[in-house]
Amino acid sequence: MGNLGCGCPGSMAKVIERPVNDATNNCKAASELRQWPVQLHLVPPAAPYFMNAEILVCADCVAYAMGRMHQDLLKGKALAIACPKLDETDTYVEKLATIFSTNETPHVTVAIMEVPCCRGLDIMVREAIQKSGRDIPLETVIVGIDGTRRN
């Protein structure tokens, strides 16, 4: 593992060793995606797929790190993806608050990576729920860089 010497610990290069499992090569997982678009910048707050839907606000990297993300997190939910480090996030809190307040959102899950920069997405979702004026249950899922759920 190389040391970059500075910057975000989440940017440090690391090889994740995995055993070879030929059985997984024959499995085809079905997508649980129920809508398009998915990027938070692009989703319309009044889209019909948000109406009365549980919502998953997911950091971009989660889907790549967590092999069963569709089955374990996305199934039955509307999705908005974002990266708190690389996106222009100025409008995210307001947009999420609008989605939560106008669509009778019953539950929100936020899924983030364990790296420090990802925590910003959890903070934005919490602020948006507060700003929405609704008391919406929130679950935060933290995923390790090896793809395992940390909580």
# chains A, B, ... in the order shown; residues from 1 in each chain; ligands from 1
call {"tool": "residues_around", "arguments": {"residues": "segment 121-127 of chain A", "least_positions_apart": "5", "cutoff": "7 Å", "atoms": "only C-alpha atoms", "output": "count of residues only"}}
result
3
call {"tool": "closest_atom_pairs", "arguments": {"of": "segment 110-144 of chain A", "to": "segment 67-73 of chain A", "cutoff": "12 Å", "atoms": "only C-alpha atoms", "output": "JSON lines"}}
result
{"residue": "A:Val110", "atom": "CA", "partner": "A:Leu73", "partner_atom": "CA", "distance": 9.4}
{"residue": "A:Ala111", "atom": "CA", "partner": "A:Leu73", "partner_atom": "CA", "distance": 8.1}
{"residue": "A:Ile112", "atom": "CA", "partner": "A:Leu73", "partner_atom": "CA", "distance": 11.4}
{"residue": "A:Glu139", "atom": "CA", "partner": "A:Leu73", "partner_atom": "CA", "distance": 10.9}
{"residue": "A:Thr140", "atom": "CA", "partner": "A:Leu73", "partner_atom": "CA", "distance": 10.9}
{"residue": "A:Val141", "atom": "CA", "partner": "A:Leu73", "partner_atom": "CA", "distance": 8.9}
{"residue": "A:Ile142", "atom": "CA", "partner": "A:Leu73", "partner_atom": "CA", "distance": 11.3}
{"residue": "A:Val143", "atom": "CA", "partner": "A:Met69", "partner_atom": "CA", "distance": 10.0}
{"residue": "A:Gly144", "atom": "CA", "partner": "A:Gly67", "partner_atom": "CA", "distance": 11.8}
call {"tool": "select_by_dssp", "arguments": {"residues": "chain A", "states": "strand (DSSP E or B)", "output": "list in words"}}
result
Gln39, Ile55, Leu56, Val57, Cys58, Ala59, Ala78, Leu79, Ala80, Ile81, Ala82, Val108, Thr109, Val110, Ala111, Ile112, Met113, Leu138, Glu139, Thr140, Val141, Ile142, Val143 and Arg149 of chain A
call {"tool": "write_last_selection", "arguments": {"atoms": "C-alpha atoms", "output": "short mmCIF file (atom, residue, chain, number, x, y, z; two decimals), in the first residue's frame"}}
result
data_model
loop_
_atom_site.label_atom_id
_atom_site.label_comp_id
_atom_site.auth_asym_id
_atom_site.auth_seq_id
_atom_site.Cartn_x
_atom_site.Cartn_y
_atom_site.Cartn_z
CA GLN A 39 -27.91 11.60 -10.17
CA ILE A 55 -35.61 7.00 -0.71
CA LEU A 56 -32.01 5.86 -0.85
CA VAL A 57 -29.51 8.70 -1.02
CA CYS A 58 -26.34 6.91 -1.97
CA ALA A 59 -22.72 7.96 -2.36
CA ALA A 78 -36.27 5.49 -5.21
CA LEU A 79 -32.63 6.49 -5.68
CA ALA A 80 -30.57 9.67 -5.70
CA ILE A 81 -26.79 9.34 -6.02
CA ALA A 82 -24.21 11.98 -5.19
CA VAL A 108 -34.78 7.74 4.07
CA THR A 109 -31.65 5.63 3.93
CA VAL A 110 -28.32 7.30 3.30
CA ALA A 111 -25.48 5.00 2.24
CA ILE A 112 -21.94 6.30 2.46
CA MET A 113 -18.42 4.95 2.35
CA LEU A 138 -33.38 8.07 8.77
CA GLU A 139 -31.02 5.11 8.57
CA THR A 140 -27.34 5.65 7.81
CA VAL A 141 -25.45 2.73 6.28
CA ILE A 142 -21.67 2.89 6.25
CA VAL A 143 -19.83 0.69 3.75
CA ARG A 149 -21.33 -3.07 5.81
#
call {"tool": "atom_distance", "arguments": {"atom1": "atom CA of Ala65 of chain A", "atom2": "atom CA of Thr148 of chain A"}}
result
8.1 Å
